[in-house]
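Input: a single structure, listed below in structure tokens.
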Amino acid sequence: MQQQSEAAAAPSSAWAAGKGSALMSLRDVYKQFPSGRQTVRAVDGVSLDVLQGETLGLVGESGCGKSTLGRVVTQLQPATAGSIFFEGKDLAALHGEDLRQMRRRVQMIFQDPYGSLNPRMTVGNIIGEPLRNFGLAHGKERDRQVQEIMRVCGLNPNFNNRYPHEFSGGQRQRIGIARSLILRPNFIVADEPISALDVSIQAQIINLLEQLQDDFNLTYLFIAHDLSVVRHLSDRVAVMYLGVIVEVANSLELYDNPLHPYTTALLQSIPVPDPVIEKDRTPIILSGEIPSPINPPSACRFHTRCPIAQPICSEVRPELLDYGNGHLAACHFAGKLQGSLAEKVAEESVAEIRAAIVADEPGGVDGATPVTA
Amino acid sequence: MTTITTGLNMGPPIAPPGSPEATDYSIAPEQVSLWQDAWRRFRRNKLSMLGIFVFAVVLITALVSIFWTPYSLYQQGLADITDPLSRSHPFGVDSSGRDVLSYIMKGALVAIEVGVLSAVITSLVGISAGLLAGYFRGWVDSLVSGITYIGYGIPNLLIAFLILFIFQRQSLLNVIIALSVTSWMDMARLVRGQTLALREREYVEAARATGTKDFAIMVRHVLPNALGPIIVQATFLIPQAILFEAFLSFLGFGLPSPDPSWGAMVSTGLADRFLAYHTMIVPSIALLVTLMAVNFIGDGLRDALDPRLKR
């Protein structure tokens, strides 16, 4: 990236840990929604770098603000505060036509393959609409480009005159992917793109996304609540809880050595596809519901449910600190869970899960173990 | 690229993307367009089909009357109003001795003109206002909603009188304008509501994400998906307009006197009721049958275009 901005470059070293340069840099991003007299703090001070060419997985429970963050990144919803640097521009400061032009570079794949396609438009028109919006191709040339991208996405190009309802869920998701690719963007936010699909189709779509990343040199922000899918796909993973990022690490590192107790608990909630191990395993079960983002817990957001919470956790908000090798965690007792409370049961089971997942590597991924959070 | 198989035994491994066997194209169901489906449901409704037939007859009558009527509208003294109905005058003659059938035929033309034209104008105004209000919300919505709320508080008849008074002339166009001014508000409210719902759909968000401009979103994404209820509403506007015009004419505020309006005919027929009944009854029946036919069509369309509303 030749046009990296000074503002984005300056603080990025700690986050990026020397590997690659940040393509998208979020700094203290807040998103709040009014709810009557109260305020829903959906995204509450997120700083995050997505590096050029990587896939950053963003995981968390339902309602933790991860989809909202994705919509703020693509500027479908304006941020309440904070900066989003992309190719030297602060997206949060763009308006009108500048913002529209930015959309050629940043695209989104939506969660619901049924709801995200206009039922009254043909597939060819849906996929070709971005070209039309920017006046990039007309008539036959547009048709040609649409058919080419359909072929690339594994769709029959001759079906461009059909309507979305004539396609299956997986095919529709391919249509959505084709639409987001036709402008040749750099950066794609994928908002749970496979969670609405059959398990068998999920693998196809994941393969397609990986293939496209290589072919089109894409950078993904991949939002999911399914840790096993994210593990397969992501270079790095960010874990989100109640509007804040609690841990960011290299994908393998995060799964082998989670530092934040919440991450440990999430990982342990993945069922092991082996009945013998599963029977003896005693995972950490988080008690209670995720607290309301209207009135989130003080200091550390997780202290109300954390198995190792101490008094300091409700008094001092833990910073997101680097524990070496770009492994960031926001916890006063980072890495302690495995050593103390979880020692007898959890550590063994974590190791066992890991063993099981590693042993299962060629086949055991994505969706076969639908998971969690 | 490695092939991913799921942990469960799901049959043969899944092919990598891009290869022809990656997607099973046969899954796509048979091609039935949404409109074909609606037409199939509409056809099943016997009353609506009858309505279509009757309306077609009225339409043809109106078209024929442009070129030919049994007698000229200006021929008076053809017979006496008290004469029994006869072959040469199947609907008799009025008190001036003019042929009622000829008048009914021309009246059909007027009714259709008033009905269709004001439905079209009303729809255009109402759709535009509703789309803008629902899509942009904010002050546009406040303006449109404010006007509708005030408009609902004023009787339609009063507004119509006011407009006819302002133009100082009774003509077909002015009657249509008066009708449109009073009836666009229903359409605006309907479209506004639809737009408010549709603008939250994910495909509208997707359209914005791909850089679609506001106007294109309204025309390409919102309007086509609201078309069903709009068509139904527009269909019901036709009989409303016909009835309102007849009512205005009955009161003497409709079309100027030589223009044949069914409403005016009922009015004069009522005055002549001591001489004969047919001059009152025939235009009343014409009016009734036409209104019912269009209403039946509207009912059928509503059921066909929005299956969820079915009783």
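By convention here, the chains of the structure tokens are called A, B, ... in the order presented, each chain's residues are numbered starting at 1, and ligands are numbered starting at 1 in the order presented.
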**Message:** For Gly63 of chain A, find every residue with an atom within 9 Å (counting only C-alpha atoms), except residues of its own chain fewer than 2 positions away, and show them as a list in words.
**Reply:**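 Selected residues are Ala42, Gly60, Glu61, Gly65, Lys66, Ser67, Tyr241, Leu242, Gly243, Ile290, Ser292 and Pro293 of chain A.
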Residues of chain A within 6 Å of chain B: nearest atom pair and distance (Å, one decimal) for each, counting only C-alpha atoms, sorted by chain and number, as CSV?
```
residue,atom,partner,partner_atom,distance
A:Arg100,CA,B:Gly211,CA,5.1
A:Arg103,CA,B:Gly211,CA,5.8
A:Gly115,CA,B:Glu202,CA,5.5
A:Ser116,CA,B:Tyr203,CA,4.0
A:Leu117,CA,B:Tyr203,CA,5.1
A:Asn118,CA,B:Tyr203,CA,5.5
A:Pro130,CA,B:Thr210,CA,5.3
A:Asn133,CA,B:Thr212,CA,5.5
A:Val152,CA,B:Gly18,CA,5.9
A:Gly154,CA,B:Gly18,CA,4.5
A:Glu166,CA,B:Ala28,CA,4.9
A:Phe167,CA,B:Ala28,CA,4.8
A:Leu208,CA,B:Pro17,CA,5.3
A:Gly363,CA,B:Thr5,CA,5.1
A:Gly364,CA,B:Gly7,CA,4.9
A:Ala368,CA,B:Thr6,CA,5.1
```
Dump N, CA and C atoms for the selected residues as a tab-separated table (two decimals), in the first residue's frame?
```tsv
chain	number	residue	atom	x	y	z
A	100	ARG	N	-19.48	7.59	-1.58
A	100	ARG	CA	-19.95	6.66	-2.61
A	100	ARG	C	-18.77	6.12	-3.41
A	103	ARG	N	-16.91	3.29	-1.92
A	103	ARG	CA	-17.55	1.97	-1.94
A	103	ARG	C	-17.00	1.06	-3.04
A	115	GLY	N	-32.46	-12.38	2.02
A	115	GLY	CA	-32.87	-10.99	2.19
A	115	GLY	C	-32.01	-9.98	1.44
A	116	SER	N	-30.80	-10.39	1.05
A	116	SER	CA	-29.90	-9.39	0.49
A	116	SER	C	-29.98	-9.28	-1.02
A	117	LEU	N	-30.89	-10.04	-1.65
A	117	LEU	CA	-31.07	-9.92	-3.10
A	117	LEU	C	-32.48	-9.43	-3.39
A	118	ASN	N	-32.58	-8.37	-4.19
A	118	ASN	CA	-33.88	-7.81	-4.55
A	118	ASN	C	-34.67	-8.83	-5.38
A	130	PRO	N	-23.59	-2.61	-9.45
A	130	PRO	CA	-22.43	-1.77	-9.07
A	130	PRO	C	-21.74	-1.13	-10.28
A	133	ASN	N	-23.87	1.71	-11.32
A	133	ASN	CA	-23.81	2.83	-10.39
A	133	ASN	C	-22.63	3.74	-10.67
A	152	VAL	N	-16.64	-17.10	-12.34
A	152	VAL	CA	-15.61	-17.14	-11.30
A	152	VAL	C	-16.20	-17.60	-9.97
A	154	GLY	N	-18.63	-19.60	-9.55
A	154	GLY	CA	-19.24	-20.92	-9.61
A	154	GLY	C	-20.71	-20.91	-9.95
A	166	GLU	N	-35.22	-18.37	-7.86
A	166	GLU	CA	-35.01	-19.62	-8.57
A	166	GLU	C	-33.71	-20.32	-8.15
A	167	PHE	N	-33.01	-19.72	-7.18
A	167	PHE	CA	-31.72	-20.29	-6.79
A	167	PHE	C	-31.77	-20.79	-5.35
A	208	LEU	N	-14.64	-21.11	-1.76
A	208	LEU	CA	-14.75	-20.05	-2.77
A	208	LEU	C	-14.12	-18.76	-2.27
A	363	GLY	N	-10.43	-32.88	7.66
A	363	GLY	CA	-11.87	-32.95	7.45
A	363	GLY	C	-12.70	-32.30	8.52
A	364	GLY	N	-12.12	-32.06	9.65
A	364	GLY	CA	-12.96	-31.73	10.80
A	364	GLY	C	-13.36	-30.28	10.92
A	368	ALA	N	-18.75	-28.79	10.38
A	368	ALA	CA	-18.99	-30.15	10.83
A	368	ALA	C	-19.17	-30.13	12.33
```
**Request:** Calculate how many Å separate atom CA of Arg192 of chain B from atom CA of Gly151 of chain B, rounding to one decimal.
**Result:** 16.0 Å
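Close contacts of Leu190 of chain B, defined as residues with an atom at most 10 Å away when counting only C-alpha atoms, with chain neighbours fewer than 2 positions off set aside, comprise Gly126, Ile127, Gly130, Leu131, Gly134, Met185, Asp186, Met187, Ala188, Arg192, Gly193, Gln194, Thr195, Ala226, Pro229, Ile230 and Gln233 of chain B.
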**Prompt:** In Å, how far is it from atom CA of Phe159 of chain A to atom CA of Leu181 of chain A?
**Reply:**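 Between atom CA of Phe159 of chain A and atom CA of Leu181 of chain A the gap works out to 18.0 Å.
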**Request:** Considering only C-alpha atoms, return as a VMD selection string whatever protein or nucleic-acid residues lie within 7 Å of segment 299-304 of chain A, sequence-local ones (same chain, fewer than 4 positions apart) excluded.
**Result:** chain A and resid 242 309 313 to 318
**Asked** Counting only C-alpha atoms, what is within 9 Å of Ser249 of chain B, bar same-chain residues fewer than 2 positions away, as a list of chain:residue names?
**Response** B:Phe244, B:Glu245, B:Ala246, B:Phe247, B:Leu251, B:Gly252, B:Phe253, B:Gly254, B:Leu255, B:Pro256, B:Ser261, B:Trp262, B:Gly263, B:Ala264, B:Met265, B:Ser267
Where does segment 90-177 of chain B meet segment 278-285 of chain B within 12 Å, residue by residue, with the nearest atom pair and distance in Å to one decimal for each, counting only C-alpha atoms, listed by chain and rising number, as a Markdown table?
```
| residue | atom | partner | partner_atom | distance |
| --- | --- | --- | --- | --- |
| B:Pro90 | CA | B:His278 | CA | 10.4 |
| B:Phe91 | CA | B:His278 | CA | 7.0 |
| B:Gly92 | CA | B:His278 | CA | 7.2 |
| B:Val93 | CA | B:Thr279 | CA | 7.4 |
| B:Asp94 | CA | B:Thr279 | CA | 6.0 |
| B:Ser95 | CA | B:Thr279 | CA | 8.5 |
| B:Ser96 | CA | B:Thr279 | CA | 11.2 |
| B:Gly97 | CA | B:Thr279 | CA | 11.0 |
| B:Arg98 | CA | B:Thr279 | CA | 10.6 |
| B:Asp99 | CA | B:Thr279 | CA | 10.1 |
| B:Val100 | CA | B:Thr279 | CA | 7.2 |
| B:Leu101 | CA | B:Val282 | CA | 8.8 |
| B:Ser102 | CA | B:Pro283 | CA | 11.4 |
| B:Tyr103 | CA | B:Pro283 | CA | 9.0 |
| B:Ile104 | CA | B:Pro283 | CA | 6.6 |
| B:Met105 | CA | B:Pro283 | CA | 10.0 |
| B:Lys106 | CA | B:Pro283 | CA | 11.4 |
| B:Gly107 | CA | B:Pro283 | CA | 8.6 |
| B:Ala108 | CA | B:Pro283 | CA | 9.8 |
| B:Ala111 | CA | B:Pro283 | CA | 11.5 |
```
**Between atom CA of Arg142 of chain A and atom CA of Pro185 of chain A - distance in Å to one decimal** =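 We find that atom CA of Pro185 of chain A and atom CA of Arg142 of chain A lie 17.1 Å from each other.
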**Request:** as an NGL selection string, please: all residues of segment 40-110 of chain B that backbone DSSP puts in helix (DSSP H, G or I).
**Result:** :B and (40-43 or 46-67 or 100-110)
Residues just named, written with C-alpha atoms as a PDB file, in the first residue's frame:
```pdb
ATOM      1  CA  ARG B  40     -52.975 -17.703 -11.707  1.00  0.00           C
ATOM      2  CA  ARG B  41     -54.486 -16.722  -8.377  1.00  0.00           C
ATOM      3  CA  PHE B  42     -56.491 -13.894  -9.958  1.00  0.00           C
ATOM      4  CA  ARG B  43     -58.008 -16.185 -12.576  1.00  0.00           C
ATOM      5  CA  LYS B  46     -64.854 -15.738 -10.498  1.00  0.00           C
ATOM      6  CA  LEU B  47     -66.230 -12.370  -9.378  1.00  0.00           C
ATOM      7  CA  SER B  48     -63.052 -10.640 -10.496  1.00  0.00           C
ATOM      8  CA  MET B  49     -63.181 -12.311 -13.867  1.00  0.00           C
ATOM      9  CA  LEU B  50     -66.786 -11.139 -14.182  1.00  0.00           C
ATOM     10  CA  GLY B  51     -65.598  -7.669 -13.192  1.00  0.00           C
ATOM     11  CA  ILE B  52     -62.947  -7.759 -15.933  1.00  0.00           C
ATOM     12  CA  PHE B  53     -65.634  -8.786 -18.450  1.00  0.00           C
ATOM     13  CA  VAL B  54     -68.040  -6.020 -17.445  1.00  0.00           C
ATOM     14  CA  PHE B  55     -65.303  -3.426 -17.364  1.00  0.00           C
ATOM     15  CA  ALA B  56     -64.194  -4.533 -20.821  1.00  0.00           C
ATOM     16  CA  VAL B  57     -67.765  -4.034 -22.074  1.00  0.00           C
ATOM     17  CA  VAL B  58     -67.860  -0.540 -20.545  1.00  0.00           C
ATOM     18  CA  LEU B  59     -64.481   0.228 -22.067  1.00  0.00           C
ATOM     19  CA  ILE B  60     -65.532  -0.920 -25.543  1.00  0.00           C
ATOM     20  CA  THR B  61     -68.777   1.026 -25.259  1.00  0.00           C
ATOM     21  CA  ALA B  62     -66.778   4.117 -24.348  1.00  0.00           C
ATOM     22  CA  LEU B  63     -64.420   3.642 -27.277  1.00  0.00           C
ATOM     23  CA  VAL B  64     -67.284   3.059 -29.713  1.00  0.00           C
ATOM     24  CA  SER B  65     -69.039   6.195 -28.482  1.00  0.00           C
ATOM     25  CA  ILE B  66     -66.110   8.282 -29.682  1.00  0.00           C
ATOM     26  CA  PHE B  67     -66.994   7.380 -33.293  1.00  0.00           C
ATOM     27  CA  VAL B 100     -80.802   7.901 -23.383  1.00  0.00           C
ATOM     28  CA  LEU B 101     -78.717   5.034 -24.820  1.00  0.00           C
ATOM     29  CA  SER B 102     -76.529   7.491 -26.709  1.00  0.00           C
ATOM     30  CA  TYR B 103     -76.083   9.481 -23.537  1.00  0.00           C
ATOM     31  CA  ILE B 104     -75.225   6.390 -21.514  1.00  0.00           C
ATOM     32  CA  MET B 105     -72.571   5.452 -24.077  1.00  0.00           C
ATOM     33  CA  LYS B 106     -70.960   8.881 -24.010  1.00  0.00           C
ATOM     34  CA  GLY B 107     -71.303   8.816 -20.234  1.00  0.00           C
ATOM     35  CA  ALA B 108     -69.206   5.644 -20.149  1.00  0.00           C
ATOM     36  CA  LEU B 109     -66.437   7.514 -21.946  1.00  0.00           C
ATOM     37  CA  VAL B 110     -66.598  10.347 -19.440  1.00  0.00           C
TER      38      VAL B 110
END
```
